[in-house]
Structures are given as structure tokens and as C-alpha cells.
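Colleague: Quick one: the structure is below, and I'll ask about it shortly.
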Amino acid sequence: MVVGGGHNGLVAAAYLARSGRSVLVLERLPELGGAAVSRQVFEGVDVRLSAYSYLVSLLPNRIVADLGLQLRLVDRSVASYTATVRDGRPAGLLVERDEGPATATSFRQLTGSDDEFAGWQRFYGRLVTLAEDLAPTLTEPLLSPTDLAGRLRDPGLWHDLRERPLADVVADCLSDDVVRGVALTDGLIGTFADVHAADGLAGRCFLYHLVGNGTGRWRVPVGGMGAVTGAMAAAARRAGAELRSRATVTAVEPRADGVTVHWTDEDGGAAAADAGHVVAGVAPRVLAQLTGADPGPSPSGSQLKVNMVLARLPRLRSGADPATAFAGTFHVDEAAGQLDAAYTQAAAGRLPDVIPFEVYCHSLTDPSILGPVERATGRHTLTLFGLHTPAELFRSDPEGVRDEAVRRVVAQLDAHLEEPLLDCLERDAAGRPCLQAASPLDVEASLAMPGGHIFHGDLSWPVAATDDEVGTWGVTTDHPRILSASSGGTVRGGAVSGLGGYAAARHLLDGR
Ligand SMILES: Cc1cc2nc3c(=O)[nH]c(=O)nc-3n(C[C@H](O)[C@H](O)[C@H](O)COP(=O)(O)OP(=O)(O)OC[C@H]3O[C@@H](n4cnc5c(N)ncnc54)[C@H](O)[C@@H]3O)c2cc1C
């Protein structure tokens, strides 16, 4: 039995059903997919937004091929654009997906020489080598740190990311404040970390953002995130799994020879069934509550997510073409110094005066998420992801602090626009601007992600943490009949990857 129908639960279900096991998936929400879903968010506006997660990098091609997943992941033409002000004038840094002359020129114009681009290429060249060597290990049993280092052509970078503060590793190659910030953000997505600390927190987050499929490229799922989990659900069903939504698991009782699972169904009726094993696609804290164990302290998410539909893309003060700038990750106020200032304020319990964030327009790469009218009239989506906004900041006044955070990021974005963002927003059927914001508390309330932490808790290094873990799949719990599959419950399950579900299924199928 699989508890939780997020991407990890669905991948586990698909692999297990394909091997002939009898599989029942229980999901509490009306739709499957967890944090990887698409839906029409604004009444009367025919646009299917990836409501939470939106880009895919870590889903291995191997899982796509094994399960015959019918999905298309496409590259964005632009990796990133950073809006900034240099010498009192609006400026920007363009990084193309394939870094060519336009990228080199952009670095030169921003920094005044070719040195920074050379440092950038050196740094990311090393990271690609690391990604190529590390990615294949993610679908193998866990290696010891020594064995993993032995598989790497550049063990020095792996060592640095594990042992040194991320800010220092980045500073080895990059000196410009804005450019350093662009690199550092990958260590802070959904992770409240001090990039100057040697605790590995930012380093782990950084690594997961750079190694996917050996390229680290973040691709756009055509049709949105719901298309990804829809394909996984279809694969599980094809293989014979039964997927039940609106089924909230209330207790999981392990015994020596099996597990009894209790749940309430759609009508509120109580049900129970016995299973040989339970695969937990829910966060570790949720699993602890279901088994009656001590759930321990809650993790804390640290992001602000804003979904928008635009009537038109706003023009930029820098003169850059918005269709280029918004096609990749558009960084705002994410220079290294700004990240530090925001971290310091948030760590002191204050909403940062300047919230670092990035925005991205899905519909530029994948117009299929727009209805026919929206497409014909030039509507677009915009997703905003803010950093250094830990859950604790919202607890005293959830809506008031969230509204204030939104007010700040809109004003910060406006500073780079020729026309105010609010003027560019589409209106819903009731005439309200199409803008929906979620703090970590909102994510917790809607998705049962404890503390609204997007990875269910801090990410782990993708290696065995102890000698006993070497050669295992990193999915065991206190009960031999309960395996974890989820982002936070498995060693390598973070983000939309299916890796936790894959590992749980392999554990059961390989008998490890
Ligand atoms: C705002 C946001 C943006 C993100 N952006 C990205 C991104 O762009 N790319 C990326 O790779 N990752 C992103 N992530 C992270 C990623 O979405 C998660 O790490 C991932 O979805 C976790 O997957 P999962 O299957 O382990 O768990 P979940 O997606 O959390 O699924 C767990 C499921 O279990 C269900 N459940 C909980 N309790 C019960 C119960 N008692 N009974 C039955 N079912 C239950 C839940 O309803 C849920 O469907 C983002 C996350 C968020 C929140």
C-alpha cells in the first residue's frame, strides 16, 4: 500500500505494480500529484498553472524510459536574466541556455571585462563534470563518501561543496556581487541557509540544483507539472495499481508480518486494510504522526510563492526584450550582498526589507497551458519564488505578513519595469487581479508539507551517511515493513524527481 499520491508515491506504485505486486495508493486530496499539479487558479481565466512546483531537472531519464512516461520536457531558450542597476542606470545580465556571444557581451557590459565570464565558465564547467559523474549514482544503491569520491573526475569540487561555505566556493571563481548572487541562489531555493556557514546546508541545496540528469538543466514540463504526475499516475494505473483520491490515512499500524492502514474515504466513512508493506509517500513528520511516533520538531519552509496571469508582459527599464528576459529565471535583488542582508534580517525574526526573489514565465516556453482566447490575446503566466521568508515570520499574522511580503516583491519588481506590474495583471471573472500568493504556512495547510518545507525537510548529501547505509537504497524507517518514498524520508528524494519512489520500489524488489 502507498500512502500519499505525490510524484514519489506514484513512481513507487508504478514500479511495484509493474513487477506484479498488488498496489493501492491512498491520497487525501481530490487530485493526485501533491506539490506537482496543474490547475486553473483564477476563475474565468483559462490558464492551467503549475500551482506549486514548476520546473523539472532531477527526474532521471531512466525513470521516464522505464515507466514509459508520456511527457515532454523542453529547454528554455534563456537560462537567466538578472535585472539590476549599475552606475545608476538600469542594467541586466543575460545568460543564454547555450552560453554564446550574447552572454559574453552581457557579462562584459555589466562587469567591464571578460574575467567574470571566464570565471563563470570555469565554475560551471567543473559543475557539469561533477553532474555527469554524480547523476548516474542517484539510481544506484548508496555509495560511501569515499567510493563516490573515487567515481568523480573532480573530487575537489565535491569536497569543497561538502566542507566549505558555499559563499567561499563561489568566490573562488566569481567576484562580482550580482554574478555571485546568481550562483548562490541555487543553494537557497526553499532552504533557509547562511551561505557563509560551513554546515553544508546551502551546499546540499546547491548540489541538487546542479546535477539533474548530468546537466543540471531545469526544463519546462509541457502542459505544466500536472502533466508529469498525470503521466506517472497513468503509468501506475496501466501497470494495475489502484489509485484512490479523497482517502485520508489516519493511522498506520505495523506488525511483524504486515501493516494495517486506516483511512477515511470520500464520504467520511472509516476503512482499513492489511498490507505486506507500506510505502510512505508522505513527509517523515506525517508518517510519525500516523504511526504514533514522536514527530520531533517541525521543519520550516522558507519561500514565498506567487502565481500570476498577465494581460501582457511588462516592458523593462533596461530595454531588454521581456520575451527573452522572462523566458528564463529572472532574478531580482539576489546579489550576494542582498542575500546576506535578507538572511540576517530573517534570522533575527524580521521580514527582509528587500526580499530576494526570481520570476519565470512558463507560457513563453509552453503556450499549451493557455486557453485559446488567452493565447490569441497575448496572455502570459508569471511565477514568483521568494527566498529567506521562513515560516516563523508569518505565524503571528499569516495574512498580514503575506500581504506585506507581496507588496514588497511587487514594488521591487516594479523598480525594473517601465509600467507597474499591477497594470499588467489579467483580471478574473470577478474583476480581481490574477495574483495568488502562498507563504510556507499556506503550503503546509494545503499540501500537508510540514512547516511548508518544499523538500519536507533539509536535503541530504546523496551518499551513505553511515557504514550501515552503504549499499542500501536509503528508504528504511523504524519499522521494517514501512519504507519511505518521499522527498524528506529518503536520502535522495528531494524535488520533483521520482527518486524517492524509485528507491523505495527498488528496496522492495531487490530485497535490500
Ligand atoms: C511552492 C513550491 C515550489 C516548488 N518548486 C519546485 C520546482 O520547480 N521543481 C522541483 O523539482 N521541485 C519543486 N518543489 C519541491 C517539490 O514539489 C517537492 O519536493 C515534491 O513535490 C515532494 O514530492 P513527494 O512526492 O515526496 O511529496 P508531496 O508532493 O508532498 O506529496 C505527498 C502527498 O501525500 C499526501 N498526503 C499527506 N498526508 C496524507 C494522508 N494522511 N493520507 C493520504 N495522503 C496524504 C499529500 O496530499 C500529497 O499529495 C516545489 C515545492 C513547492 C511547495
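Chain labels follow the order of the C-alpha cells: the first chain is A, the next B, and so on; residue numbering restarts at 1 in every chain, and ligands are counted from 1 in their shown order.
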As number ranges by chain, please: the residues near Ala346 of chain A (cut-off 7 Å, only C-alpha atoms, same-chain neighbours under 6 positions excluded).
Modeller: A: 352, 388-389
Colleague: Generate the output file for the selected residues, N, CA, C and O atoms, as a PDB file, in the first residue's frame.
Modeller:
```pdb
ATOM      1  N   PRO A 352      12.462  40.375   5.536  1.00  0.00           N
ATOM      2  CA  PRO A 352      13.504  41.214   4.940  1.00  0.00           C
ATOM      3  C   PRO A 352      12.922  42.473   4.282  1.00  0.00           C
ATOM      4  O   PRO A 352      11.873  42.416   3.640  1.00  0.00           O
ATOM      5  N   HIS A 388      14.371  33.439   1.669  1.00  0.00           N
ATOM      6  CA  HIS A 388      14.584  33.988   3.007  1.00  0.00           C
ATOM      7  C   HIS A 388      13.302  34.549   3.628  1.00  0.00           C
ATOM      8  O   HIS A 388      13.276  35.652   4.184  1.00  0.00           O
ATOM      9  N   THR A 389      12.238  33.758   3.508  1.00  0.00           N
ATOM     10  CA  THR A 389      10.962  34.119   4.135  1.00  0.00           C
ATOM     11  C   THR A 389      10.486  32.913   4.961  1.00  0.00           C
ATOM     12  O   THR A 389       9.514  32.254   4.597  1.00  0.00           O
TER      13      THR A 389
END
```
Colleague: Excluding same-chain residues fewer than 2 positions from segment 199-213 of chain A, what lies within 6 Å of it counting only C-alpha atoms, as a list in words?
Modeller: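 Residues near the query, excluding close chain neighbours: Ser57, Leu58, Pro60, Ala131, Ala135, Leu161, Arg162, Leu166, Asp186, Gly187, Ala193, Val195, Ala197, Thr215, Gly216 and Trp461 of chain A.
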Colleague: Select the residues contacting ligand 1 at a distance of at most 7 Å, based on only C-alpha atoms and all ligand atoms, then format the selection as a PyMOL selection string.
Modeller: chain A and resi 3-9+26-29+32-36+52-58+247-250+281-283+286+305+443+447-449+452-456+485-488+493-497+500
Colleague: Find the residues near Gly125 of chain A: any atom within 12 Å, counting only C-alpha atoms, skip ones fewer than 3 places away on the same chain, and give them as a list in words.
Modeller: Glu99, Phe117, Ala118, Gly119, Trp120, Gln121, Arg122, Val128, Thr129, Leu130, Ala131, Glu132, Asp154, Leu157, Cys173, Leu210, Thr215 and Gly216 of chain A
Colleague: Between atom CA of Ile189 of chain A and atom CA of Leu339 of chain A, what is the distance in Å, rounded to a tenth?
Modeller: 11.8 Å
Colleague: Set the distance at 10 Å and use only C-alpha atoms: which residues neighbour Gln40 of chain A once local chain neighbours fewer than 3 positions away are removed? I'd like the list as a count of residues only.
Modeller: 11
Colleague: For Leu94 of chain A, which residue out of A:Pro322, A:Gly150, A:Gly226, A:Pro462 is the nearest one, using only C-alpha atoms?
Modeller: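 Of all the options, A:Pro322 lies closest to Leu94 of chain A.
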Colleague: With distances taken over only C-alpha atoms, which residue among A:Ala79, A:Asp176, A:Thr139, A:Arg408 lies nearest Arg108 of chain A?
Modeller: A:Asp176
Colleague: Residues near Gly240 of chain A, anyone? I mean within 9 Å using only C-alpha atoms, not counting same-chain ones fewer than 4 positions away, as a ChimeraX atom specification.
Modeller: /A:14,17-18,20-23,235-236
Colleague: For a test of reading the model, state the distance in Å between atom CA of Leu93 of chain A and atom CA of Ala171 of chain A, rounded to one decimal.
Modeller: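 Atom CA of Leu93 of chain A sits 18.1 Å away from atom CA of Ala171 of chain A.
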Colleague: Which residue gives the smallest distance to Phe330 of chain A among A:Val78, A:Ala149, A:Leu435, A:Ala231, with only C-alpha atoms counted?
Modeller: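 Closest to Phe330 of chain A of all the choices is A:Val78.
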Colleague: What is the atom CA of Gly489 of chain A-atom CA of Val463 of chain A distance in Å, reported with one decimal?
Modeller: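 Taking atom CA of Gly489 of chain A as the start and atom CA of Val463 of chain A as the end point, the length is 14.4 Å.
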